[in-house]
file start-v8.txt (compact mmCIF, N, CA and C atoms and all ligand atoms)
# COMPACT_ATOMS: atom_id res chain seq x y z
N MET C 100 153.66 86.57 118.06
CA MET C 100 152.25 86.83 118.34
C MET C 100 152.09 87.91 119.41
N ILE C 101 152.75 87.67 120.55
CA ILE C 101 152.65 88.66 121.63
C ILE C 101 153.19 90.01 121.17
N VAL C 102 154.29 89.92 120.42
CA VAL C 102 154.90 91.16 119.92
C VAL C 102 153.90 91.88 119.02
N ARG C 103 153.22 91.09 118.18
CA ARG C 103 152.24 91.72 117.27
C ARG C 103 151.11 92.38 118.05
N VAL C 104 150.62 91.67 119.05
CA VAL C 104 149.52 92.22 119.85
C VAL C 104 149.98 93.49 120.56
N LEU C 105 151.15 93.43 121.14
CA LEU C 105 151.68 94.61 121.83
C LEU C 105 151.86 95.76 120.85
N GLY C 106 152.35 95.39 119.67
CA GLY C 106 152.55 96.42 118.65
C GLY C 106 151.24 97.10 118.31
N MET C 107 150.19 96.31 118.15
CA MET C 107 148.88 96.88 117.86
C MET C 107 148.39 97.75 119.00
N ALA C 108 148.57 97.24 120.23
CA ALA C 108 148.13 98.01 121.39
C ALA C 108 148.84 99.35 121.44
N ALA C 109 150.12 99.33 121.11
CA ALA C 109 150.88 100.57 121.11
C ALA C 109 150.34 101.53 120.05
N ALA C 110 150.02 100.97 118.88
CA ALA C 110 149.50 101.81 117.80
C ALA C 110 148.16 102.43 118.22
N VAL C 111 147.31 101.60 118.84
CA VAL C 111 146.00 102.09 119.29
C VAL C 111 146.19 103.17 120.36
N ALA C 112 147.11 102.90 121.28
CA ALA C 112 147.37 103.87 122.35
C ALA C 112 147.84 105.19 121.76
N LEU C 113 148.68 105.08 120.73
CA LEU C 113 149.20 106.28 120.10
C LEU C 113 148.07 107.08 119.46
N LEU C 114 147.21 106.36 118.74
CA LEU C 114 146.12 107.03 118.02
C LEU C 114 145.13 107.66 118.98
N SER C 115 144.72 106.89 120.00
CA SER C 115 143.65 107.38 120.86
C SER C 115 144.18 108.20 122.02
N GLY C 116 145.45 108.02 122.32
CA GLY C 116 145.99 108.70 123.48
C GLY C 116 146.67 110.01 123.15
N THR C 117 147.91 109.94 122.82
CA THR C 117 148.72 111.15 122.72
C THR C 117 148.34 112.06 121.54
N ALA C 118 148.49 111.55 120.33
CA ALA C 118 148.43 112.41 119.16
C ALA C 118 147.12 113.19 119.04
N PHE C 119 145.99 112.51 119.28
CA PHE C 119 144.70 113.14 119.04
C PHE C 119 143.91 113.29 120.33
N ALA C 120 144.61 113.50 121.43
CA ALA C 120 143.93 113.51 122.73
C ALA C 120 142.76 114.49 122.76
N GLN C 121 142.92 115.64 122.14
CA GLN C 121 141.83 116.63 122.15
C GLN C 121 140.64 116.19 121.32
N ALA C 122 140.95 115.78 120.08
CA ALA C 122 139.89 115.55 119.11
C ALA C 122 139.19 114.22 119.31
N ALA C 123 139.95 113.14 119.53
CA ALA C 123 139.37 111.81 119.50
C ALA C 123 139.19 111.25 120.90
N GLY C 124 137.96 110.97 121.26
CA GLY C 124 137.69 110.35 122.54
C GLY C 124 137.71 108.85 122.42
N ASP C 125 137.32 108.20 123.49
CA ASP C 125 137.29 106.75 123.57
C ASP C 125 135.81 106.32 123.52
N ALA C 126 135.44 105.68 122.41
CA ALA C 126 134.02 105.36 122.20
C ALA C 126 133.48 104.40 123.25
N ALA C 127 134.31 103.45 123.71
CA ALA C 127 133.85 102.49 124.72
C ALA C 127 133.54 103.22 126.03
N ALA C 128 134.41 104.14 126.40
CA ALA C 128 134.14 104.95 127.59
C ALA C 128 132.92 105.84 127.35
N GLY C 129 132.77 106.27 126.11
CA GLY C 129 131.64 107.13 125.76
C GLY C 129 130.31 106.42 125.87
N GLU C 130 130.31 105.11 125.62
CA GLU C 130 129.07 104.35 125.76
C GLU C 130 128.60 104.38 127.21
N LYS C 131 129.55 104.38 128.15
CA LYS C 131 129.19 104.47 129.58
C LYS C 131 128.65 105.86 129.91
N VAL C 132 129.30 106.87 129.35
CA VAL C 132 128.80 108.24 129.56
C VAL C 132 127.37 108.36 129.03
N PHE C 133 127.11 107.66 127.92
CA PHE C 133 125.79 107.77 127.28
C PHE C 133 124.66 107.25 128.18
N THR C 134 124.98 106.48 129.21
CA THR C 134 123.92 106.04 130.13
C THR C 134 123.20 107.26 130.75
N GLN C 135 123.91 108.40 130.83
CA GLN C 135 123.28 109.63 131.35
C GLN C 135 122.29 110.23 130.36
N CYS C 136 122.39 109.83 129.11
CA CYS C 136 121.53 110.38 128.07
C CYS C 136 120.34 109.48 127.78
N LYS C 137 120.48 108.20 128.19
CA LYS C 137 119.52 107.18 127.80
C LYS C 137 118.11 107.38 128.32
N ALA C 138 117.98 108.15 129.41
CA ALA C 138 116.63 108.41 129.92
C ALA C 138 115.81 109.09 128.83
N CYS C 139 116.48 109.83 127.96
CA CYS C 139 115.77 110.65 126.98
C CYS C 139 116.11 110.34 125.52
N HIS C 140 117.24 109.70 125.28
CA HIS C 140 117.69 109.49 123.89
C HIS C 140 117.99 108.02 123.62
N THR C 141 117.75 107.60 122.36
CA THR C 141 118.26 106.33 121.88
C THR C 141 119.27 106.62 120.77
N VAL C 142 120.01 105.60 120.34
CA VAL C 142 120.86 105.73 119.16
C VAL C 142 120.28 104.87 118.02
N GLN C 143 118.99 104.51 118.14
CA GLN C 143 118.32 103.79 117.07
C GLN C 143 117.61 104.80 116.15
N ALA C 144 117.77 104.59 114.86
CA ALA C 144 117.14 105.49 113.88
C ALA C 144 115.63 105.51 114.11
N GLY C 145 115.06 106.70 114.14
CA GLY C 145 113.61 106.84 114.21
C GLY C 145 113.01 106.63 115.59
N GLN C 146 113.81 106.30 116.60
CA GLN C 146 113.24 106.07 117.94
C GLN C 146 113.43 107.29 118.83
N ASN C 147 112.46 108.16 118.77
CA ASN C 147 112.50 109.35 119.62
C ASN C 147 111.88 109.06 120.97
N ARG C 148 112.43 109.64 122.02
CA ARG C 148 111.81 109.56 123.34
C ARG C 148 111.49 110.98 123.78
N VAL C 149 111.88 111.31 125.03
CA VAL C 149 111.75 112.71 125.46
C VAL C 149 112.62 113.58 124.55
N GLY C 150 113.75 113.03 124.14
CA GLY C 150 114.64 113.71 123.19
C GLY C 150 114.66 112.96 121.86
N PRO C 151 115.18 113.60 120.82
CA PRO C 151 115.23 112.97 119.50
C PRO C 151 116.25 111.84 119.44
N SER C 152 116.05 110.91 118.50
CA SER C 152 117.05 109.87 118.27
C SER C 152 118.39 110.52 117.93
N LEU C 153 119.47 109.99 118.50
CA LEU C 153 120.80 110.53 118.21
C LEU C 153 121.54 109.68 117.18
N PHE C 154 120.81 108.81 116.50
CA PHE C 154 121.41 108.06 115.39
C PHE C 154 121.89 109.05 114.33
N GLY C 155 123.16 108.95 113.95
CA GLY C 155 123.69 109.81 112.88
C GLY C 155 123.78 111.29 113.24
N VAL C 156 123.80 111.60 114.54
CA VAL C 156 123.72 113.02 114.92
C VAL C 156 124.98 113.80 114.54
N VAL C 157 126.13 113.13 114.56
CA VAL C 157 127.37 113.87 114.27
C VAL C 157 127.41 114.23 112.78
N GLY C 158 127.47 115.51 112.50
CA GLY C 158 127.46 116.00 111.13
C GLY C 158 126.09 116.44 110.64
N ARG C 159 125.05 116.17 111.45
CA ARG C 159 123.67 116.47 111.04
C ARG C 159 123.30 117.91 111.44
N PRO C 160 122.46 118.59 110.65
CA PRO C 160 121.96 119.89 111.08
C PRO C 160 121.05 119.70 112.30
N ALA C 161 121.12 120.62 113.25
CA ALA C 161 120.31 120.52 114.47
C ALA C 161 118.83 120.62 114.14
N GLY C 162 118.05 119.92 114.95
CA GLY C 162 116.59 120.08 114.87
C GLY C 162 115.94 119.47 113.65
N THR C 163 116.49 118.39 113.12
CA THR C 163 115.98 117.86 111.85
C THR C 163 115.51 116.41 111.90
N VAL C 164 115.38 115.82 113.11
CA VAL C 164 114.87 114.44 113.15
C VAL C 164 113.36 114.47 112.87
N GLU C 165 113.00 113.66 111.90
CA GLU C 165 111.62 113.51 111.46
C GLU C 165 110.71 113.15 112.65
N GLY C 166 109.62 113.87 112.80
CA GLY C 166 108.61 113.48 113.80
C GLY C 166 108.93 113.94 115.22
N PHE C 167 110.05 114.66 115.44
CA PHE C 167 110.33 115.13 116.79
C PHE C 167 109.94 116.59 116.93
N ASN C 168 109.29 116.89 118.04
CA ASN C 168 108.77 118.24 118.28
C ASN C 168 109.83 119.10 118.99
N TYR C 169 110.71 119.71 118.21
CA TYR C 169 111.79 120.52 118.76
C TYR C 169 111.29 121.86 119.28
N SER C 170 112.08 122.46 120.15
CA SER C 170 111.83 123.85 120.56
C SER C 170 112.13 124.76 119.37
N PRO C 171 111.50 125.93 119.33
CA PRO C 171 111.84 126.90 118.28
C PRO C 171 113.33 127.24 118.30
N ALA C 172 113.92 127.31 119.50
CA ALA C 172 115.35 127.66 119.61
C ALA C 172 116.22 126.65 118.88
N MET C 173 115.91 125.36 119.07
CA MET C 173 116.71 124.31 118.41
C MET C 173 116.46 124.31 116.91
N LYS C 174 115.20 124.44 116.55
CA LYS C 174 114.82 124.37 115.13
C LYS C 174 115.46 125.48 114.32
N SER C 175 115.53 126.67 114.91
CA SER C 175 116.02 127.82 114.15
C SER C 175 117.48 128.15 114.46
N SER C 176 118.18 127.22 115.12
CA SER C 176 119.54 127.52 115.56
C SER C 176 120.53 127.66 114.40
N GLY C 177 120.25 126.99 113.29
CA GLY C 177 121.19 127.02 112.18
C GLY C 177 122.47 126.25 112.47
N MET C 178 122.47 125.50 113.56
CA MET C 178 123.64 124.76 114.04
C MET C 178 123.80 123.45 113.27
N THR C 179 125.03 123.07 113.00
CA THR C 179 125.31 121.71 112.54
C THR C 179 126.12 121.03 113.63
N TRP C 180 125.78 119.78 113.90
CA TRP C 180 126.42 119.08 115.02
C TRP C 180 127.80 118.53 114.66
N THR C 181 128.74 119.45 114.47
CA THR C 181 130.14 119.05 114.36
C THR C 181 130.61 118.64 115.76
N PRO C 182 131.71 117.89 115.86
CA PRO C 182 132.22 117.56 117.20
C PRO C 182 132.44 118.82 118.05
N GLU C 183 132.91 119.90 117.43
CA GLU C 183 133.17 121.14 118.18
C GLU C 183 131.87 121.71 118.74
N ASN C 184 130.82 121.76 117.91
CA ASN C 184 129.55 122.30 118.39
C ASN C 184 128.91 121.40 119.44
N LEU C 185 129.04 120.09 119.26
CA LEU C 185 128.53 119.16 120.27
C LEU C 185 129.25 119.39 121.60
N ASP C 186 130.56 119.61 121.52
CA ASP C 186 131.34 119.81 122.73
C ASP C 186 130.83 121.04 123.49
N LYS C 187 130.59 122.12 122.78
CA LYS C 187 130.09 123.34 123.44
C LYS C 187 128.70 123.13 124.01
N TYR C 188 127.84 122.50 123.24
CA TYR C 188 126.45 122.29 123.67
C TYR C 188 126.39 121.37 124.89
N LEU C 189 127.13 120.27 124.84
CA LEU C 189 127.06 119.29 125.94
C LEU C 189 127.72 119.81 127.21
N ALA C 190 128.62 120.76 127.09
CA ALA C 190 129.24 121.34 128.28
C ALA C 190 128.21 122.14 129.08
N ASP C 191 127.31 122.79 128.36
CA ASP C 191 126.35 123.69 129.00
C ASP C 191 125.15 123.90 128.06
N PRO C 192 124.24 122.92 128.04
CA PRO C 192 123.14 122.98 127.06
C PRO C 192 122.34 124.28 127.13
N LYS C 193 122.04 124.74 128.31
CA LYS C 193 121.22 125.95 128.45
C LYS C 193 121.99 127.20 128.01
N GLY C 194 123.25 127.28 128.42
CA GLY C 194 124.06 128.44 128.09
C GLY C 194 124.43 128.50 126.61
N ALA C 195 124.70 127.31 126.03
CA ALA C 195 125.16 127.28 124.64
C ALA C 195 124.02 127.55 123.67
N MET C 196 122.80 127.19 124.06
CA MET C 196 121.66 127.43 123.19
C MET C 196 120.45 127.87 124.02
N PRO C 197 120.40 129.16 124.35
CA PRO C 197 119.31 129.64 125.20
C PRO C 197 117.95 129.29 124.58
N GLY C 198 117.05 128.82 125.45
CA GLY C 198 115.69 128.52 124.98
C GLY C 198 115.49 127.10 124.51
N ASN C 199 116.57 126.33 124.38
CA ASN C 199 116.34 124.92 123.98
C ASN C 199 115.81 124.15 125.18
N LYS C 200 115.11 123.05 124.91
CA LYS C 200 114.35 122.39 125.99
C LYS C 200 114.98 121.09 126.51
N MET C 201 116.26 120.90 126.26
CA MET C 201 116.91 119.71 126.81
C MET C 201 117.21 119.96 128.29
N ALA C 202 116.51 119.21 129.16
CA ALA C 202 116.65 119.40 130.60
C ALA C 202 117.81 118.57 131.12
N PHE C 203 119.00 119.02 130.82
CA PHE C 203 120.21 118.29 131.21
C PHE C 203 121.26 119.31 131.61
N ALA C 204 121.89 119.08 132.77
CA ALA C 204 122.80 120.07 133.34
C ALA C 204 124.08 120.23 132.51
N GLY C 205 124.48 119.15 131.83
CA GLY C 205 125.70 119.23 131.03
C GLY C 205 126.77 118.29 131.55
N LEU C 206 127.75 118.02 130.70
CA LEU C 206 128.89 117.18 131.07
C LEU C 206 130.05 118.13 131.35
N LYS C 207 130.45 118.20 132.62
CA LYS C 207 131.47 119.17 133.00
C LYS C 207 132.87 118.74 132.59
N LYS C 208 133.10 117.41 132.52
CA LYS C 208 134.46 116.94 132.23
C LYS C 208 134.69 116.88 130.72
N PRO C 209 135.74 117.58 130.24
CA PRO C 209 136.05 117.54 128.80
C PRO C 209 136.21 116.12 128.27
N GLU C 210 136.79 115.23 129.07
CA GLU C 210 137.01 113.86 128.56
C GLU C 210 135.69 113.10 128.43
N ASP C 211 134.72 113.38 129.29
CA ASP C 211 133.40 112.76 129.13
C ASP C 211 132.75 113.21 127.82
N ARG C 212 132.92 114.49 127.51
CA ARG C 212 132.33 115.01 126.26
C ARG C 212 133.03 114.39 125.06
N ALA C 213 134.36 114.36 125.08
CA ALA C 213 135.12 113.78 123.95
C ALA C 213 134.73 112.32 123.76
N ASN C 214 134.57 111.60 124.88
CA ASN C 214 134.26 110.18 124.78
C ASN C 214 132.85 109.95 124.25
N VAL C 215 131.89 110.70 124.73
CA VAL C 215 130.51 110.48 124.27
C VAL C 215 130.38 110.92 122.81
N ILE C 216 131.13 111.93 122.38
CA ILE C 216 131.11 112.35 120.98
C ILE C 216 131.73 111.26 120.10
N ALA C 217 132.79 110.61 120.60
CA ALA C 217 133.39 109.49 119.86
C ALA C 217 132.38 108.35 119.71
N TYR C 218 131.65 108.08 120.78
CA TYR C 218 130.61 107.03 120.73
C TYR C 218 129.53 107.40 119.72
N LEU C 219 129.05 108.64 119.79
CA LEU C 219 127.98 109.07 118.88
C LEU C 219 128.44 109.06 117.42
N SER C 220 129.74 109.34 117.19
CA SER C 220 130.26 109.31 115.82
C SER C 220 130.13 107.93 115.19
N GLN C 221 130.09 106.91 116.04
CA GLN C 221 129.98 105.53 115.51
C GLN C 221 128.54 105.11 115.26
N GLN C 222 127.58 105.89 115.71
CA GLN C 222 126.17 105.50 115.58
C GLN C 222 125.62 106.04 114.28
N LYS C 223 125.92 105.33 113.18
CA LYS C 223 125.44 105.80 111.89
C LYS C 223 125.34 104.63 110.94
C1 LIG C 301 116.06 114.89 130.43
C2 LIG C 301 116.11 114.44 129.07
C3 LIG C 301 117.44 114.57 128.32
C4 LIG C 301 118.67 114.11 128.69
C5 LIG C 301 119.07 113.42 129.99
C6 LIG C 301 119.56 114.40 127.59
N1 LIG C 301 118.87 115.01 126.58
FE1 LIG C 301 119.61 115.62 124.76
N2 LIG C 301 117.82 116.40 124.28
C7 LIG C 301 116.67 116.35 125.05
C8 LIG C 301 115.59 117.10 124.40
C9 LIG C 301 114.19 117.28 124.91
C10 LIG C 301 116.16 117.61 123.21
C11 LIG C 301 115.48 118.53 122.20
C12 LIG C 301 115.77 119.97 122.61
C13 LIG C 301 115.00 121.04 121.89
O1 LIG C 301 114.25 120.75 120.94
O2 LIG C 301 115.17 122.21 122.28
C14 LIG C 301 117.54 117.15 123.16
C15 LIG C 301 118.42 117.42 122.12
C16 LIG C 301 119.69 116.91 122.01
C17 LIG C 301 120.56 117.10 120.88
C18 LIG C 301 120.21 117.83 119.58
C19 LIG C 301 119.64 116.75 118.64
C20 LIG C 301 119.14 117.23 117.30
O3 LIG C 301 118.50 116.41 116.63
O4 LIG C 301 119.38 118.38 116.91
C21 LIG C 301 121.73 116.47 121.16
C22 LIG C 301 122.95 116.38 120.29
C23 LIG C 301 121.59 115.89 122.48
N3 LIG C 301 120.34 116.18 122.96
C24 LIG C 301 122.56 115.12 123.10
C25 LIG C 301 122.45 114.62 124.40
C26 LIG C 301 123.49 113.87 125.05
C27 LIG C 301 124.79 113.44 124.40
C28 LIG C 301 123.05 113.60 126.32
C29 LIG C 301 123.78 112.89 127.44
C30 LIG C 301 125.12 113.39 127.76
C31 LIG C 301 121.71 114.16 126.43
N4 LIG C 301 121.40 114.77 125.24
C32 LIG C 301 120.90 114.08 127.56
C33 LIG C 301 116.53 115.69 126.25
C34 LIG C 301 117.57 115.14 126.98
call {"tool": "encode", "arguments": {"input": "start-v8.txt", "output": "structure tokens", "more": "lines below"}}
Ligand code: HEC
result
Amino acid sequence: MIVRVLGMAAAVALLSGTAFAQAAGDAAAGEKVFTQCKACHTVQAGQNRVGPSLFGVVGRPAGTVEGFNYSPAMKSSGMTWTPENLDKYLADPKGAMPGNKMAFAGLKKPEDRANVIAYLSQQK
């Protein structure tokens, strides 16, 4: 039993740690990072606040949540929210998309971005 549990832990560590360190973040840690987004965003479908609902955001074209009043910059960006594009945007929202109206300084730590993107990937 203990061996099995340890074996699983090792497998999980391998998957989330070494092999995919760049691409795959830790969703549980990402949920904590998301507390910085909660003032403006929910992960519930259709629940927009100051910002649009982030339910299903990973893989979605930017600026397409029903009923949310986006900036022209976001609406016409032609961006799709791949993990790579999210990473660039969240690092520096103003710099990555000039004219967008998300009043957030950005997540400076790459691991915070990877983790919050992993969390958002699960919200679908
Ligand atoms: C102060 C409020 C605020 C905070 C804090 C904030 N956002 Fe936003 N966010 C917005 C607004 C407003 C928009 C819409 C921007 C526009 O239309 O130009 C937005 C847009 C977005 C979008 C594009 C969504 C779409 O439908 O295209 C993503 C992705 C996003 N935010 C992620 C985050 C994440 C992740 C965090 C936390 C790390 C965060 N935001 C923190 C207000 C905020």
call {"tool": "closest_residue", "arguments": {"input": "start-v8.txt", "among": "C:Pro192, C:Phe203, C:Pro171, C:Val156", "to": "C:Cys139", "atoms": "only C-alpha atoms"}}
result
C:Phe203
call {"tool": "residues_near_ligand", "arguments": {"input": "start-v8.txt", "ligand": "ligand LIG 301 (chain C)", "cutoff": "6.5 Å", "atoms": "only N, CA and C atoms and all ligand atoms", "output": "PyMOL selection string"}}
result
chain C and resi 132-133+135-140+149-153+156+160-164+168-174+185+189+198-203+205-206+215
call {"tool": "residues_around", "arguments": {"input": "start-v8.txt", "residues": "C:Gln222", "least_positions_apart": "2", "cutoff": "6.5 Å", "atoms": "only N, CA and C atoms", "output": "MDAnalysis selection string"}}
result
chainID C and resid 142 153:156 218:220
call {"tool": "closest_residue", "arguments": {"input": "start-v8.txt", "among": "C:Val157, C:Ala204, C:Ala123, C:Ala144", "to": "C:Gln221", "atoms": "all atoms listed in the file"}}
result
C:Val157
call {"tool": "atom_distance", "arguments": {"input": "start-v8.txt", "atom1": "atom CA of C:Gly166", "atom2": "atom CA of C:Asn147"}}
result
8.1 Å
call {"tool": "atom_distance", "arguments": {"input": "start-v8.txt", "atom1": "atom N of C:Ala190", "atom2": "atom N of C:Lys208"}}
result
7.8 Å
call {"tool": "select_by_dssp", "arguments": {"input": "start-v8.txt", "residues": "stretch 103-222 of chain C", "states": "alpha helix (DSSP H)", "output": "count of residues only"}}
result
46
call {"tool": "atom_distance", "arguments": {"input": "start-v8.txt", "atom1": "atom C of C:Asn214", "atom2": "atom N of C:Ala127"}}
result
6.7 Å
call {"tool": "decode", "arguments": {"input": "start-v8.txt", "residues": "stretch 152-171 of chain C", "atoms": "N, CA, C and O atoms", "output": "PDB file, in the first residue's frame"}}
result
ATOM      1  N   SER C 152     -16.275  36.453 -17.201  1.00  0.00           N
ATOM      2  CA  SER C 152     -16.105  35.125 -16.625  1.00  0.00           C
ATOM      3  C   SER C 152     -14.929  34.426 -17.307  1.00  0.00           C
ATOM      4  O   SER C 152     -14.778  34.506 -18.528  1.00  0.00           O
ATOM      5  N   LEU C 153     -14.102  33.745 -16.517  1.00  0.00           N
ATOM      6  CA  LEU C 153     -12.970  33.019 -17.090  1.00  0.00           C
ATOM      7  C   LEU C 153     -13.261  31.526 -17.219  1.00  0.00           C
ATOM      8  O   LEU C 153     -12.361  30.722 -17.456  1.00  0.00           O
ATOM      9  N   PHE C 154     -14.537  31.162 -17.094  1.00  0.00           N
ATOM     10  CA  PHE C 154     -14.928  29.772 -17.348  1.00  0.00           C
ATOM     11  C   PHE C 154     -14.572  29.423 -18.794  1.00  0.00           C
ATOM     12  O   PHE C 154     -14.962  30.133 -19.715  1.00  0.00           O
ATOM     13  N   GLY C 155     -13.818  28.339 -18.982  1.00  0.00           N
ATOM     14  CA  GLY C 155     -13.496  27.878 -20.339  1.00  0.00           C
ATOM     15  C   GLY C 155     -12.586  28.807 -21.123  1.00  0.00           C
ATOM     16  O   GLY C 155     -12.532  28.728 -22.351  1.00  0.00           O
ATOM     17  N   VAL C 156     -11.836  29.669 -20.418  1.00  0.00           N
ATOM     18  CA  VAL C 156     -11.058  30.687 -21.148  1.00  0.00           C
ATOM     19  C   VAL C 156      -9.913  30.082 -21.955  1.00  0.00           C
ATOM     20  O   VAL C 156      -9.574  30.594 -23.028  1.00  0.00           O
ATOM     21  N   VAL C 157      -9.332  28.989 -21.458  1.00  0.00           N
ATOM     22  CA  VAL C 157      -8.179  28.421 -22.165  1.00  0.00           C
ATOM     23  C   VAL C 157      -8.653  27.782 -23.483  1.00  0.00           C
ATOM     24  O   VAL C 157      -9.523  26.916 -23.482  1.00  0.00           O
ATOM     25  N   GLY C 158      -8.134  28.281 -24.578  1.00  0.00           N
ATOM     26  CA  GLY C 158      -8.533  27.809 -25.904  1.00  0.00           C
ATOM     27  C   GLY C 158      -9.591  28.668 -26.568  1.00  0.00           C
ATOM     28  O   GLY C 158      -9.898  28.467 -27.741  1.00  0.00           O
ATOM     29  N   ARG C 159     -10.142  29.640 -25.815  1.00  0.00           N
ATOM     30  CA  ARG C 159     -11.236  30.468 -26.337  1.00  0.00           C
ATOM     31  C   ARG C 159     -10.675  31.697 -27.063  1.00  0.00           C
ATOM     32  O   ARG C 159      -9.671  32.258 -26.638  1.00  0.00           O
ATOM     33  N   PRO C 160     -11.351  32.173 -28.115  1.00  0.00           N
ATOM     34  CA  PRO C 160     -10.934  33.433 -28.730  1.00  0.00           C
ATOM     35  C   PRO C 160     -11.165  34.588 -27.738  1.00  0.00           C
ATOM     36  O   PRO C 160     -12.162  34.582 -27.009  1.00  0.00           O
ATOM     37  N   ALA C 161     -10.260  35.543 -27.710  1.00  0.00           N
ATOM     38  CA  ALA C 161     -10.366  36.673 -26.782  1.00  0.00           C
ATOM     39  C   ALA C 161     -11.598  37.514 -27.098  1.00  0.00           C
ATOM     40  O   ALA C 161     -12.021  37.623 -28.250  1.00  0.00           O
ATOM     41  N   GLY C 162     -12.159  38.078 -26.036  1.00  0.00           N
ATOM     42  CA  GLY C 162     -13.226  39.059 -26.228  1.00  0.00           C
ATOM     43  C   GLY C 162     -14.556  38.495 -26.667  1.00  0.00           C
ATOM     44  O   GLY C 162     -15.314  39.172 -27.347  1.00  0.00           O
ATOM     45  N   THR C 163     -14.878  37.271 -26.280  1.00  0.00           N
ATOM     46  CA  THR C 163     -16.088  36.638 -26.816  1.00  0.00           C
ATOM     47  C   THR C 163     -17.101  36.188 -25.763  1.00  0.00           C
ATOM     48  O   THR C 163     -18.039  35.462 -26.084  1.00  0.00           O
ATOM     49  N   VAL C 164     -16.930  36.607 -24.492  1.00  0.00           N
ATOM     50  CA  VAL C 164     -17.940  36.229 -23.499  1.00  0.00           C
ATOM     51  C   VAL C 164     -19.201  37.060 -23.733  1.00  0.00           C
ATOM     52  O   VAL C 164     -19.154  38.291 -23.801  1.00  0.00           O
ATOM     53  N   GLU C 165     -20.290  36.344 -23.856  1.00  0.00           N
ATOM     54  CA  GLU C 165     -21.609  36.917 -24.076  1.00  0.00           C
ATOM     55  C   GLU C 165     -21.931  37.953 -22.985  1.00  0.00           C
ATOM     56  O   GLU C 165     -21.765  37.679 -21.802  1.00  0.00           O
ATOM     57  N   GLY C 166     -22.363  39.129 -23.397  1.00  0.00           N
ATOM     58  CA  GLY C 166     -22.859  40.112 -22.426  1.00  0.00           C
ATOM     59  C   GLY C 166     -21.772  40.919 -21.738  1.00  0.00           C
ATOM     60  O   GLY C 166     -22.077  41.748 -20.883  1.00  0.00           O
ATOM     61  N   PHE C 167     -20.480  40.697 -22.078  1.00  0.00           N
ATOM     62  CA  PHE C 167     -19.442  41.500 -21.443  1.00  0.00           C
ATOM     63  C   PHE C 167     -18.995  42.614 -22.377  1.00  0.00           C
ATOM     64  O   PHE C 167     -18.789  42.393 -23.572  1.00  0.00           O
ATOM     65  N   ASN C 168     -18.851  43.798 -21.807  1.00  0.00           N
ATOM     66  CA  ASN C 168     -18.505  44.986 -22.592  1.00  0.00           C
ATOM     67  C   ASN C 168     -16.979  45.140 -22.680  1.00  0.00           C
ATOM     68  O   ASN C 168     -16.369  45.838 -21.880  1.00  0.00           O
ATOM     69  N   TYR C 169     -16.377  44.477 -23.649  1.00  0.00           N
ATOM     70  CA  TYR C 169     -14.925  44.512 -23.816  1.00  0.00           C
ATOM     71  C   TYR C 169     -14.451  45.838 -24.395  1.00  0.00           C
ATOM     72  O   TYR C 169     -15.208  46.533 -25.082  1.00  0.00           O
ATOM     73  N   SER C 170     -13.176  46.118 -24.199  1.00  0.00           N
ATOM     74  CA  SER C 170     -12.540  47.245 -24.882  1.00  0.00           C
ATOM     75  C   SER C 170     -12.419  46.896 -26.368  1.00  0.00           C
ATOM     76  O   SER C 170     -12.338  45.718 -26.725  1.00  0.00           O
ATOM     77  N   PRO C 171     -12.373  47.911 -27.226  1.00  0.00           N
ATOM     78  CA  PRO C 171     -12.134  47.642 -28.650  1.00  0.00           C
ATOM     79  C   PRO C 171     -10.827  46.872 -28.859  1.00  0.00           C
ATOM     80  O   PRO C 171     -10.755  45.998 -29.729  1.00  0.00           O
TER      81      PRO C 171
END
